[in-house]
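Shown next: run05.csv, containing CSV, C-alpha atoms.
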```
chain,number,residue,atom,x,y,z
A,1420,MET,CA,18.8,-31.2,15.7
A,1421,GLN,CA,17.4,-30.9,12.2
A,1422,LYS,CA,13.9,-30.8,13.6
A,1423,ALA,CA,14.8,-27.8,15.9
A,1424,THR,CA,16.4,-25.9,13.0
A,1425,LEU,CA,13.2,-26.4,10.9
A,1426,SER,CA,11.1,-25.2,13.8
A,1427,HIS,CA,13.2,-22.1,14.1
A,1428,LEU,CA,13.0,-21.4,10.4
A,1429,ILE,CA,9.2,-21.7,10.5
A,1430,LEU,CA,9.0,-19.4,13.5
A,1431,ALA,CA,11.3,-16.8,11.8
A,1432,LEU,CA,9.1,-16.9,8.6
A,1433,ALA,CA,5.9,-16.5,10.7
A,1434,ILE,CA,7.4,-13.5,12.5
A,1435,ALA,CA,8.6,-11.9,9.2
A,1436,ALA,CA,5.2,-12.4,7.6
A,1437,GLY,CA,3.5,-10.7,10.6
A,1438,ALA,CA,5.7,-7.7,10.1
A,1439,MET,CA,4.3,-7.0,6.6
A,1440,PRO,CA,0.8,-5.9,6.1
A,1441,ALA,CA,-1.3,-8.7,4.8
A,1442,ASN,CA,-3.2,-6.4,2.5
A,1443,ALA,CA,-0.2,-4.5,1.1
A,1444,LEU,CA,-0.9,-3.5,-2.5
A,1445,THR,CA,1.5,-3.5,-5.4
A,1446,GLN,CA,1.7,-0.2,-7.3
A,1447,ASP,CA,-0.4,-1.7,-10.2
A,1448,GLU,CA,-3.0,-2.9,-7.7
A,1449,LEU,CA,-3.1,0.5,-6.1
A,1450,VAL,CA,-3.5,2.3,-9.4
A,1451,ALA,CA,-6.4,-0.1,-10.3
A,1452,LYS,CA,-8.1,0.6,-7.0
A,1453,LEU,CA,-7.8,4.3,-7.4
A,1454,GLN,CA,-9.1,4.2,-11.0
A,1455,ALA,CA,-12.1,2.1,-9.8
A,1456,ALA,CA,-12.7,4.8,-7.2
A,1457,GLY,CA,-13.0,7.4,-10.0
A,1458,TYR,CA,-9.4,8.9,-10.0
A,1459,GLY,CA,-7.5,9.4,-13.2
A,1460,ASN,CA,-4.1,10.6,-14.4
A,1461,ILE,CA,-2.5,8.8,-11.4
A,1462,SER,CA,1.2,9.7,-11.0
A,1463,ASP,CA,4.0,10.1,-8.4
A,1464,VAL,CA,3.0,7.0,-6.5
A,1465,LYS,CA,5.5,6.8,-3.5
A,1466,SER,CA,5.8,5.0,-0.2
A,1467,THR,CA,6.2,7.5,2.7
A,1468,ALA,CA,5.9,7.5,6.4
A,1469,GLU,CA,2.2,8.3,6.0
A,1470,GLY,CA,1.6,5.3,3.8
A,1471,MET,CA,1.5,5.4,0.0
A,1472,THR,CA,0.9,8.8,-1.6
A,1473,ALA,CA,-0.1,9.7,-5.2
A,1474,LYS,CA,-1.2,12.6,-7.3
A,1475,ALA,CA,-4.4,12.2,-9.4
A,1476,MET,CA,-7.3,14.0,-10.9
A,1477,LYS,CA,-11.0,13.6,-9.9
A,1478,ASN,CA,-13.9,15.6,-11.2
A,1479,GLY,CA,-11.5,17.7,-13.2
A,1480,LYS,CA,-9.5,18.8,-10.2
A,1481,PRO,CA,-6.0,17.7,-9.0
A,1482,VAL,CA,-5.9,15.9,-5.7
A,1483,ARG,CA,-3.1,14.5,-3.5
A,1484,LEU,CA,-4.0,11.1,-2.1
A,1485,VAL,CA,-2.7,9.2,1.0
A,1486,ILE,CA,-3.4,5.5,1.2
A,1487,ASP,CA,-2.8,4.0,4.6
A,1488,SER,CA,-1.8,0.5,5.5
A,1489,SER,CA,-5.4,-0.7,5.7
A,1490,GLY,CA,-6.0,0.6,2.1
A,1491,GLN,CA,-8.1,3.6,3.1
A,1492,VAL,CA,-7.8,6.4,0.5
A,1493,LYS,CA,-7.9,10.0,1.8
A,1494,GLU,CA,-7.6,13.2,-0.2
A,1495,GLN,CA,-5.2,15.8,1.2
A,1496,ASP,CA,-5.4,19.5,0.7
```

As structure tokens, how would this structure be written, given the file I've shared?
Amino acid sequence: MQKATLSHLILALAIAAGAMPANALTQDELVAKLQAAGYGNISDVKSTAEGMTAKAMKNGKPVRLVIDSSGQVKEQD
């Protein structure tokens, strides 16, 4: 019976891991990625239905950013 319980635990962990994006970024990793892409003054980083959102500056202009689950950064108007 112990072998069956261990198998169920392994299966449950595999399912739970599949529910989370493998490439999910922490807030610090996201800020570093945005800075590397030329964005500055990054603030208001939030998780939303769209993905992660943030406010930043680029080329002296304020921008609103949406970062989807695959890590793609898009500027919003």

Discussion item. Show me the residues around (0.1, 0.8, -4.2) - criterion: an atom at most 9 Å away, all atoms listed in the file counted - as a PyMOL selection string.
Written reply: chain A and resi 1443-1452+1464-1466+1471-1473+1486+1490

Worksheet item: What is the CA of Glu1469 (chain A)-CA of Gln1454 (chain A) distance in Å, reported with one decimal?
Response: 20.8 Å

Worksheet item: Which one of A:Ala1468, A:Ile1461, A:Leu1453, A:Glu1494 sits closest to Val1482 (chain A) if you count only C-alpha atoms?
Response: A:Glu1494

Discussion item. Excluding Met1476 (chain A) and its own-chain neighbours fewer than 5 positions away, which residues fall within 6 Å of it when counting all atoms listed in the file? Please give them as a ChimeraX atom specification.
Written reply: /A:1458-1460,1481-1482

Discussion item. With all atoms listed in the file as the counted atoms, please give the residues lying no more than 9 Å from Gln1495 (chain A), apart from itself and same-chain residues fewer than 4 positions off, as a ChimeraX atom specification.
Written reply: /A:1482-1485
